[in-house]
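File shown: target_4.cif. Contents: mmCIF, C-alpha atoms.
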```cif
data_final
#
loop_
_atom_site.label_atom_id
_atom_site.label_comp_id
_atom_site.auth_asym_id
_atom_site.auth_seq_id
_atom_site.Cartn_x
_atom_site.Cartn_y
_atom_site.Cartn_z
CA MET A 134 0.00 0.00 0.00
CA THR A 135 1.89 3.10 -1.19
CA SER A 136 1.21 6.64 -2.31
CA ARG A 137 -2.03 5.91 -4.12
CA GLY A 138 -3.36 3.48 -1.55
CA THR A 139 -2.59 5.58 1.51
CA PRO A 140 -4.00 9.00 2.41
CA SER A 141 -2.01 12.11 1.56
CA ARG A 142 -2.09 15.78 2.43
CA PHE A 143 -0.52 19.06 1.42
CA LEU A 144 2.26 20.72 3.37
CA ARG A 145 0.82 23.10 5.91
CA SER A 146 1.40 24.44 9.37
CA VAL A 147 -0.98 24.78 12.25
CA LEU A 148 -2.39 28.33 12.39
CA GLN A 149 0.53 29.93 10.47
CA ASN A 150 3.07 28.94 13.09
CA GLY A 151 6.31 30.81 12.45
CA VAL A 152 4.95 33.93 10.77
CA GLY A 153 4.85 35.71 14.09
CA ARG A 154 6.64 33.78 16.78
CA TYR A 155 7.19 30.04 16.94
CA VAL A 156 4.90 28.08 19.25
CA CYS A 157 5.73 24.55 20.32
CA GLN A 158 2.90 22.36 19.14
CA LEU A 159 3.06 19.77 21.89
CA LYS A 160 0.36 20.37 24.46
CA ARG A 161 0.52 17.45 26.88
CA ILE A 162 2.70 14.41 27.47
CA SER A 163 1.53 11.52 29.63
CA ILE A 164 4.01 8.80 30.55
CA VAL A 165 2.10 5.63 31.47
CA PHE A 166 4.29 2.99 33.04
CA SER A 167 4.28 0.26 35.62
CA LYS A 168 6.10 0.34 38.93
CA LYS A 169 7.22 -3.27 38.93
CA ALA A 170 7.31 -4.67 35.38
CA GLN A 171 10.58 -5.29 33.55
CA SER A 172 9.44 -3.56 30.38
CA SER A 173 9.05 -0.22 32.15
CA LEU A 174 12.62 -0.22 33.42
CA GLY A 175 13.76 2.40 30.96
CA ALA A 176 10.69 4.48 31.70
CA ARG A 177 11.42 4.39 35.41
CA ASP A 178 15.05 5.40 34.83
CA PHE A 179 13.96 8.25 32.61
CA ILE A 180 11.51 9.47 35.23
CA GLU A 181 14.22 9.35 37.86
CA GLU A 182 16.73 11.42 35.93
CA GLY A 183 15.47 13.04 32.72
CA VAL A 184 11.85 14.05 33.12
CA VAL A 185 12.42 17.14 35.26
CA ASP A 186 15.02 18.55 32.85
CA TYR A 187 12.69 17.89 29.96
CA ALA A 188 9.82 19.64 31.69
CA ASN A 189 12.00 22.64 32.48
CA LYS A 190 13.28 22.87 28.92
CA ASN A 191 9.77 22.86 27.46
CA PRO A 192 7.72 25.25 29.57
CA GLY A 193 4.80 25.15 27.15
CA THR A 194 4.23 21.41 27.53
CA VAL A 195 2.51 19.77 30.49
CA VAL A 196 4.06 16.50 31.64
CA TYR A 197 1.92 13.92 33.39
CA VAL A 198 3.51 10.87 34.99
CA SER A 199 1.06 8.10 35.83
CA PRO A 200 2.22 4.80 37.26
CA GLN A 201 -0.44 2.20 36.57
CA PRO A 202 -0.52 -1.56 36.59
CA CYS A 203 -0.07 -1.99 32.84
CA ARG A 204 1.79 -4.47 30.66
CA VAL A 205 2.86 -2.04 28.00
CA PRO A 206 4.40 1.32 28.98
CA LYS A 207 3.57 4.12 26.60
CA ILE A 208 3.88 7.83 26.00
CA VAL A 209 0.71 9.66 24.96
CA ALA A 210 1.39 12.98 23.25
CA GLU A 211 -1.40 15.47 22.58
CA TYR A 212 -0.95 18.34 20.19
CA LEU A 213 -2.51 21.76 19.84
CA ASN A 214 -4.59 20.77 16.83
CA GLY A 215 -6.16 17.91 18.78
CA ASN A 216 -4.23 14.95 17.37
CA VAL A 217 -3.11 12.30 19.82
CA ARG A 218 -0.09 10.09 19.28
CA GLU A 219 0.76 7.02 21.31
CA GLU A 220 4.23 5.53 21.30
CA THR A 221 5.13 2.39 23.17
CA ILE A 222 8.39 2.47 25.11
CA THR A 223 8.64 -1.24 25.96
CA SER A 224 12.21 -2.23 26.77
CA LYS A 225 13.68 1.10 25.71
CA THR A 226 16.55 2.70 27.55
CA SER A 227 16.34 6.09 29.18
CA GLN A 228 18.43 7.62 26.38
CA GLN A 229 16.12 6.28 23.70
CA ILE A 230 13.09 7.59 25.55
CA SER A 231 14.56 11.08 25.78
CA GLU A 232 15.34 11.05 22.04
CA LEU A 233 11.80 9.95 21.34
CA LEU A 234 10.53 12.80 23.46
CA THR A 235 12.62 15.39 21.58
CA LYS A 236 11.29 13.97 18.33
CA LEU A 237 7.72 14.30 19.54
CA THR A 238 8.40 17.85 20.77
CA ASN A 239 9.76 18.95 17.41
CA GLN A 240 6.77 17.60 15.53
CA SER A 241 3.58 19.46 14.89
CA GLY A 242 0.45 17.41 15.33
CA LEU A 243 -0.25 16.91 11.62
CA GLU A 244 -0.49 13.33 10.37
CA ILE A 245 2.63 11.54 9.18
CA ILE A 246 1.34 10.64 5.73
CA ARG A 247 2.57 11.38 2.26
CA ILE A 248 3.02 15.10 1.64
CA ARG A 249 2.12 15.95 -1.92
CA LYS A 250 4.29 19.01 -2.51
CA PRO A 251 7.39 20.08 -0.58
CA PHE A 252 6.32 23.72 -0.64
CA HIS A 253 3.26 25.85 0.04
CA THR A 254 2.59 29.49 -0.88
CA ASP A 255 -0.37 31.70 -0.39
CA SER A 256 0.78 34.15 -3.09
CA PRO A 257 2.12 32.04 -5.95
CA SER A 258 2.39 34.81 -8.53
CA ILE A 259 3.86 38.29 -8.06
CA GLN A 260 4.53 39.48 -11.58
CA GLY A 261 1.28 38.02 -12.87
CA LEU A 262 0.56 34.56 -14.22
CA TRP A 263 1.83 33.79 -17.68
CA HIS A 264 -0.74 33.53 -20.45
CA PRO A 265 0.04 33.10 -24.15
CA PHE A 266 -0.26 36.84 -24.81
CA THR A 267 2.35 37.99 -22.27
CA ASN A 268 5.41 39.51 -23.93
CA ARG A 269 4.05 39.15 -27.45
CA PRO A 270 3.96 42.25 -29.64
CA LEU A 271 0.57 43.03 -31.09
CA SER A 272 0.12 41.58 -34.54
CA ILE A 273 -2.79 43.85 -35.47
CA GLY A 274 -2.96 47.58 -34.96
CA PRO A 275 -5.22 49.45 -32.54
CA ILE A 276 -8.98 49.18 -33.12
CA ARG A 277 -10.10 52.00 -35.38
CA GLY A 278 -13.46 53.69 -35.32
CA PHE A 279 -16.36 51.97 -37.03
CA SER A 280 -17.36 53.51 -40.35
CA MET A 281 -20.25 52.58 -42.61
CA HIS A 282 -18.41 52.30 -45.89
CA ASP A 283 -16.25 49.37 -44.75
CA PHE A 284 -18.93 46.98 -45.87
CA MET B 1477 24.97 41.74 -10.84
CA SER B 1478 22.82 43.15 -13.61
CA ALA B 1479 19.40 44.76 -13.66
CA SER B 1480 17.19 43.76 -16.53
CA MET B 1481 13.62 44.07 -17.63
CA ALA B 1482 11.52 41.00 -18.11
CA TYR B 1483 12.48 39.82 -21.61
CA ALA B 1484 16.18 40.57 -22.01
CA GLY B 1485 19.22 38.51 -21.17
CA LEU B 1486 18.17 34.94 -21.83
CA TRP B 1487 20.65 34.11 -24.59
CA ARG B 1488 23.59 35.34 -22.58
CA THR B 1489 26.43 33.28 -24.01
CA CYS B 1490 25.34 33.96 -27.59
CA ARG B 1491 25.05 37.69 -26.93
CA MET B 1492 28.48 37.98 -25.38
CA LEU B 1493 30.34 35.87 -27.92
CA LEU B 1494 28.73 36.76 -31.24
CA PRO B 1495 28.78 40.40 -32.31
CA ARG B 1496 25.39 41.93 -32.85
CA HIS B 1497 25.70 43.39 -36.32
CA HIS B 1498 26.54 40.35 -38.42
CA VAL B 1499 25.31 36.81 -37.98
CA LEU B 1500 27.84 34.08 -38.48
CA SER B 1501 26.65 31.11 -40.48
CA PRO B 1502 26.36 27.88 -38.51
CA ALA B 1503 29.06 26.22 -40.60
CA ALA B 1504 31.51 29.02 -39.83
CA ILE B 1505 30.80 28.77 -36.12
CA ARG B 1506 31.30 25.05 -36.10
CA THR B 1507 34.69 25.37 -37.74
CA GLN B 1508 35.59 28.17 -35.34
CA SER B 1509 34.66 26.08 -32.32
CA SER B 1510 36.88 23.22 -33.45
CA ALA B 1511 39.85 25.55 -33.99
CA SER B 1512 39.67 27.65 -30.81
CA GLY B 1513 38.30 26.22 -27.59
CA ASP B 1514 36.76 29.52 -26.49
CA LEU B 1515 33.37 29.38 -28.21
CA MET B 1516 30.56 27.27 -26.83
CA PRO B 1517 29.53 24.30 -29.01
CA TRP B 1518 26.71 25.10 -31.35
CA THR B 1519 23.48 23.33 -30.34
CA SER B 1520 19.81 23.80 -31.09
CA LEU B 1521 19.57 26.06 -28.03
CA SER B 1522 22.48 28.31 -28.96
CA ARG B 1523 20.26 30.90 -30.55
CA PRO B 1524 16.58 31.69 -30.01
CA PRO B 1525 14.07 30.12 -32.42
CA TRP B 1526 12.77 33.52 -33.59
CA PRO B 1527 14.72 35.37 -36.31
CA GLU B 1528 17.29 37.71 -34.89
CA GLN B 1529 16.32 41.34 -35.47
CA PRO B 1530 19.07 43.95 -35.42
CA SER B 1531 18.45 46.51 -32.72
CA PRO B 1532 17.16 49.82 -34.14
CA TYR B 1533 19.30 51.78 -31.65
CA SER B 1534 23.00 52.51 -31.90
CA ALA B 1535 25.49 51.51 -29.23
CA GLU B 1536 25.43 54.87 -27.42
CA GLU B 1537 21.64 54.96 -27.42
CA GLU B 1538 21.58 51.45 -26.01
CA GLN B 1539 24.00 52.43 -23.28
CA SER B 1540 21.95 55.45 -22.36
CA ARG B 1541 18.78 53.34 -22.28
CA HIS B 1542 20.48 50.81 -20.03
CA ALA B 1543 21.67 53.58 -17.73
CA ALA B 1544 18.11 54.95 -17.58
CA VAL B 1545 16.76 51.52 -16.63
CA VAL B 1546 19.39 51.08 -13.91
CA SER B 1547 18.68 54.52 -12.46
CA THR B 1548 14.91 53.87 -12.41
CA VAL B 1549 15.41 50.58 -10.62
CA ASN B 1550 17.81 52.20 -8.14
CA GLN B 1551 15.28 54.92 -7.45
CA ARG B 1552 12.54 52.40 -6.83
CA ILE B 1553 14.74 50.50 -4.43
CA ASN B 1554 15.80 53.67 -2.57
CA LEU B 1555 12.24 54.83 -2.15
CA ARG B 1556 11.19 51.27 -1.24
CA ASP B 1557 8.51 51.54 -3.88
CA PHE B 1558 8.06 47.81 -4.34
CA GLY B 1559 5.31 45.57 -2.99
CA ARG B 1560 5.83 41.88 -2.41
CA LEU B 1561 9.26 40.44 -3.23
CA PHE B 1562 10.10 36.96 -4.39
CA ALA B 1563 13.53 35.33 -4.52
CA VAL B 1564 15.14 32.25 -6.01
CA VAL B 1565 17.25 30.69 -3.29
CA HIS B 1566 19.68 27.78 -3.51
CA PHE B 1567 19.21 25.67 -0.38
CA ALA B 1568 19.74 21.99 0.44
CA GLY B 1569 20.85 21.19 -3.09
CA ARG B 1570 17.75 22.60 -4.71
CA GLN B 1571 16.53 25.97 -5.93
CA TRP B 1572 13.29 27.29 -4.50
CA LYS B 1573 11.17 30.24 -5.60
CA VAL B 1574 10.31 31.81 -2.32
CA THR B 1575 8.12 34.68 -1.01
CA GLY B 1576 7.40 35.81 2.50
CA GLU B 1577 5.21 33.57 4.67
CA ASP B 1578 5.55 30.43 2.63
CA LEU B 1579 6.55 26.92 3.67
CA ILE B 1580 9.38 24.71 2.46
CA LEU B 1581 10.03 21.05 3.24
CA ILE B 1582 13.66 19.89 3.36
CA GLU B 1583 14.30 16.14 3.28
CA ASN B 1584 17.17 16.11 5.74
CA HIS B 1585 18.24 17.25 9.15
CA ILE B 1586 19.30 20.87 9.70
CA GLU B 1587 21.59 21.90 12.54
CA ALA B 1588 19.17 24.35 14.07
CA GLU B 1589 16.54 23.90 16.74
CA CYS B 1590 12.84 24.49 16.26
CA GLY B 1591 12.08 28.18 16.47
CA GLU B 1592 15.51 29.39 15.41
CA ARG B 1593 15.94 31.93 12.65
CA ILE B 1594 18.09 31.07 9.66
CA ARG B 1595 19.49 33.34 6.97
CA MET B 1596 19.71 31.89 3.46
CA GLU B 1597 22.78 33.28 1.78
CA LYS B 1598 22.75 31.89 -1.76
CA VAL B 1599 20.23 34.12 -3.49
CA LEU B 1600 20.18 33.90 -7.27
CA LEU B 1601 17.36 36.23 -8.20
CA VAL B 1602 15.12 38.77 -6.52
CA GLY B 1603 12.02 40.15 -8.15
CA ALA B 1604 9.26 42.61 -7.46
CA GLU B 1605 6.29 43.44 -9.61
CA ASP B 1606 8.10 45.88 -11.91
CA PHE B 1607 11.75 44.87 -11.83
CA THR B 1608 13.98 41.85 -11.30
CA LEU B 1609 17.54 41.64 -10.08
CA ILE B 1610 19.42 38.68 -11.54
CA GLY B 1611 22.65 37.53 -9.95
CA ARG B 1612 25.65 36.21 -11.85
CA PRO B 1613 25.24 33.64 -10.38
CA LEU B 1614 24.62 35.00 -6.87
CA LEU B 1615 23.51 38.36 -5.54
CA GLY B 1616 25.54 40.12 -2.88
CA LYS B 1617 24.90 39.45 0.76
CA GLU B 1618 24.61 43.19 1.53
CA LEU B 1619 21.90 43.50 -1.08
CA VAL B 1620 19.35 40.81 -0.20
CA ARG B 1621 18.45 39.19 3.06
CA VAL B 1622 16.22 36.07 3.13
CA GLU B 1623 15.28 34.86 6.59
CA ALA B 1624 13.50 31.68 7.62
CA THR B 1625 12.37 30.00 10.84
CA VAL B 1626 12.55 26.30 11.55
CA ILE B 1627 9.02 25.23 12.41
CA GLU B 1628 9.05 21.49 12.57
CA LYS B 1629 11.56 18.65 12.52
CA THR B 1630 9.75 15.39 11.84
CA GLU B 1631 10.23 12.16 10.04
CA SER B 1632 8.73 11.29 6.70
CA TRP B 1633 6.01 8.72 6.26
CA PRO B 1634 7.36 5.15 6.05
CA LYS B 1635 8.26 4.70 2.38
CA VAL B 1636 8.43 1.17 1.04
CA HIS B 1637 11.54 0.33 -0.98
CA MET B 1638 10.92 -3.03 -2.63
CA ARG B 1639 12.99 -4.87 -5.19
CA PHE B 1640 11.53 -7.79 -7.04
CA TRP B 1641 12.82 -9.87 -9.94
CA LYS B 1642 10.24 -12.11 -11.45
CA ARG B 1643 10.98 -15.82 -11.86
CA HIS B 1644 14.17 -15.45 -9.79
CA ARG B 1645 12.73 -15.78 -6.28
CA PHE B 1646 14.29 -12.47 -5.37
CA GLN B 1647 12.51 -9.87 -3.34
CA ARG B 1648 13.77 -7.39 -0.76
CA LYS B 1649 11.61 -5.01 1.20
CA ARG B 1650 12.87 -2.06 3.18
CA ILE B 1651 11.05 0.72 5.00
CA ILE B 1652 12.73 4.11 4.62
CA ILE B 1653 12.02 6.91 7.05
CA GLN B 1654 13.83 10.18 6.39
CA PRO B 1655 14.22 13.16 8.68
CA GLN B 1656 12.36 16.24 7.43
CA THR B 1657 12.53 19.90 8.34
CA VAL B 1658 9.85 22.47 7.64
CA LEU B 1659 10.97 26.07 7.20
CA ARG B 1660 8.76 29.15 7.16
CA ILE B 1661 10.22 32.02 5.13
CA ASN B 1662 9.80 35.09 7.30
CA GLY B 1663 10.66 37.69 4.71
CA ILE B 1664 12.89 39.05 2.00
CA GLU B 1665 14.60 42.42 2.46
CA LEU B 1666 16.25 44.47 -0.25
CA ALA B 1667 18.95 46.96 0.73
CA PRO B 1668 18.72 50.55 -0.57
CA ARG B 1669 22.12 50.36 -2.17
CA LEU B 1670 22.98 48.89 -5.55
CA THR B 1671 26.46 48.97 -7.09
#
```

Kindly transcribe the structure held in the file into structure tokens.
Amino acid sequence: MTSRGTPSRFLRSVLQNGVGRYVCQLKRISIVFSKKAQSSLGARDFIEEGVVDYANKNPGTVVYVSPQPCRVPKIVAEYLNGNVREETITSKTSQQISELLTKLTNQSGLEIIRIRKPFHTDSPSIQGLWHPFTNRPLSIGPIRGFSMHDF
Amino acid sequence: MSASMAYAGLWRTCRMLLPRHHVLSPAAIRTQSSASGDLMPWTSLSRPPWPEQPSPYSAEEEQSRHAAVVSTVNQRINLRDFGRLFAVVHFAGRQWKVTGEDLILIENHIEAECGERIRMEKVLLVGAEDFTLIGRPLLGKELVRVEATVIEKTESWPKVHMRFWKRHRFQRKRIIIQPQTVLRINGIELAPRLT
């Protein structure tokens, strides 16, 4: 299933981010992990050492840490445009989890599907669109007045 | 750097090498190019497909007309009498036609964090509604300033790279995910000083 079989979208940004100032698009991060399971070991290490630094570096993002009895530890990221992304962090080290978090922070919430064009403009033409009569000299003269004896 | 109106200056090599008043026959040019290595080889794109018309102005008149054009353009730039500007910028191995407030997707990683401002230095062309400045091949850095902000650094969608040879029991499948960067062009500024 490629390009034609999967959905696609045009390149865009959320609410013209970047025209004024840049706003980080990540709204909320919830780290769901277990207190005892082996698969959440990396998550527990990350929460011991890295989570506070991450939260201080990204003041616009809220970090929730919720230990639950769960088999699969995951990170749930919610973005400003409402999209929610879940990533599982089973058996990942603390380093890998922090890289994953930076990746999620740098993303905007738009879907990761095929982008049709690598550019987007709101004003595509400044000097006027080309039509077949641009830059051609006139082949007939100016329109003269109508007179009866031409017929 | 040269200022030019919309239709001049396309057949640059031909104009510089062949004198304007007499047209060399193609056979003569071919023999010339084999003798001296200076001339470009003659191809179907060496001269424009319309018949070449000798200019009705003499050399001094042409020079004065060119000087008038340059002074008009300089005046416009000094008075900042232009509206929206566009620029052709060489970035990440490609050339992009760029205006203010538009988005660009680069298929690799850029050494700048999200939210940082970047200046694009290789500007080949800048245009407004009435005039264009064409660089040879680049415009000066004190003349144009193109600034962009890094908005997003994501990964591409998982592209499938599959190789298959029929009747040879050979197939390989690989998922390729590339880093992507989205830039927002903040604006193009033109300096009020042209040499």

Contacts between chain A and chain B, please, where a residue of chain B counts if it comes within 8 Å (with only C-alpha atoms); show its shortest atom pair and distance in Å to one decimal, rows by chain and ascending number, as a Markdown table.
```
| residue | atom | partner | partner_atom | distance |
| --- | --- | --- | --- | --- |
| B:Tyr1483 | CA | A:Asn268 | CA | 7.4 |
| B:Arg1560 | CA | A:Ile259 | CA | 7.0 |
| B:Leu1561 | CA | A:Ile259 | CA | 7.6 |
| B:Phe1562 | CA | A:Ile259 | CA | 7.4 |
| B:Thr1575 | CA | A:Thr254 | CA | 7.6 |
| B:Glu1577 | CA | A:Val152 | CA | 6.1 |
| B:Asp1578 | CA | A:Thr254 | CA | 4.7 |
| B:Leu1579 | CA | A:His253 | CA | 5.0 |
| B:Ile1580 | CA | A:Phe252 | CA | 4.5 |
| B:Leu1581 | CA | A:Pro251 | CA | 4.7 |
| B:Ile1582 | CA | A:Pro251 | CA | 7.4 |
| B:Cys1590 | CA | A:Asn239 | CA | 6.4 |
| B:Gly1591 | CA | A:Tyr155 | CA | 5.3 |
| B:Ala1604 | CA | A:Ile259 | CA | 6.9 |
| B:Glu1605 | CA | A:Gln260 | CA | 4.8 |
| B:Asp1606 | CA | A:Gln260 | CA | 7.3 |
| B:Thr1625 | CA | A:Gly151 | CA | 6.3 |
| B:Val1626 | CA | A:Gly151 | CA | 7.8 |
| B:Ile1627 | CA | A:Gly151 | CA | 6.2 |
| B:Glu1628 | CA | A:Gln240 | CA | 5.4 |
| B:Lys1629 | CA | A:Asn239 | CA | 5.2 |
| B:Thr1630 | CA | A:Gln240 | CA | 5.2 |
| B:Glu1631 | CA | A:Ile245 | CA | 7.7 |
| B:Ser1632 | CA | A:Ile245 | CA | 6.6 |
| B:Trp1633 | CA | A:Ile246 | CA | 5.1 |
| B:Lys1635 | CA | A:Thr135 | CA | 7.5 |
| B:Val1636 | CA | A:Thr135 | CA | 7.2 |
| B:Arg1660 | CA | A:Gly151 | CA | 6.1 |
| B:Ile1661 | CA | A:Val152 | CA | 8.0 |
| B:Asn1662 | CA | A:Val152 | CA | 6.1 |
```

Could you list, as a ChimeraX atom specification, every residue matched by the PyMOL selection byres ((chain A and resi 226) around 10) in this structure? /A:172-179,222-225,227-231

Go ahead and write the selection's residues with C-alpha atoms as a CSV table (one decimal), in the frame of the given file.
```csv
chain,number,residue,atom,x,y,z
A,172,SER,CA,9.4,-3.6,30.4
A,173,SER,CA,9.0,-0.2,32.2
A,174,LEU,CA,12.6,-0.2,33.4
A,175,GLY,CA,13.8,2.4,31.0
A,176,ALA,CA,10.7,4.5,31.7
A,177,ARG,CA,11.4,4.4,35.4
A,178,ASP,CA,15.0,5.4,34.8
A,179,PHE,CA,14.0,8.2,32.6
A,222,ILE,CA,8.4,2.5,25.1
A,223,THR,CA,8.6,-1.2,26.0
A,224,SER,CA,12.2,-2.2,26.8
A,225,LYS,CA,13.7,1.1,25.7
A,227,SER,CA,16.3,6.1,29.2
A,228,GLN,CA,18.4,7.6,26.4
A,229,GLN,CA,16.1,6.3,23.7
A,230,ILE,CA,13.1,7.6,25.6
A,231,SER,CA,14.6,11.1,25.8
```

Residues returned when the PyMOL selection byres ((chain B and resi 1615) around 9) runs on this file, as a PyMOL selection string: chain B and resi 1477+1597-1602+1609-1614+1616-1620

Atom CA of A:Glu181 to atom CA of A:Gly215: how many Å, to one decimal? 29.2 Å

I'd like to see the residues matched by the PyMOL selection byres ((chain B and resi 1586) around 9) on this file, and ideally I'd get them as a short mmCIF file (atom, residue, chain, number, x, y, z; two decimals) with C-alpha atoms, in the coordinates of the input.
```
data_model
loop_
_atom_site.label_atom_id
_atom_site.label_comp_id
_atom_site.auth_asym_id
_atom_site.auth_seq_id
_atom_site.Cartn_x
_atom_site.Cartn_y
_atom_site.Cartn_z
CA ILE B 1582 13.66 19.89 3.36
CA ASN B 1584 17.17 16.11 5.74
CA HIS B 1585 18.24 17.25 9.15
CA GLU B 1587 21.59 21.90 12.54
CA ALA B 1588 19.17 24.35 14.07
CA GLU B 1589 16.54 23.90 16.74
CA VAL B 1626 12.55 26.30 11.55
CA LYS B 1629 11.56 18.65 12.52
CA GLN B 1656 12.36 16.24 7.43
CA THR B 1657 12.53 19.90 8.34
#
```

Distance of atom CA of A:Arg161 from atom CA of A:Gly193, expressed in Å to one decimal place: 8.8 Å

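The coordinates place atom CA of A:Arg204 at 9.3 Å from atom CA of A:Gln171.
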
Using all atoms of stretch 1534-1538 of chain B that appear in the file, construct an axis-aligned enclosing box with 3 Å of padding on every side and provide its centre coordinates and edge lengths in Å, rounded to one decimal, as AutoDock Vina command-line options.
```
--center_x 23.5 --center_y 53.2 --center_z -29.0 --size_x 9.9 --size_y 9.5 --size_z 11.9
```
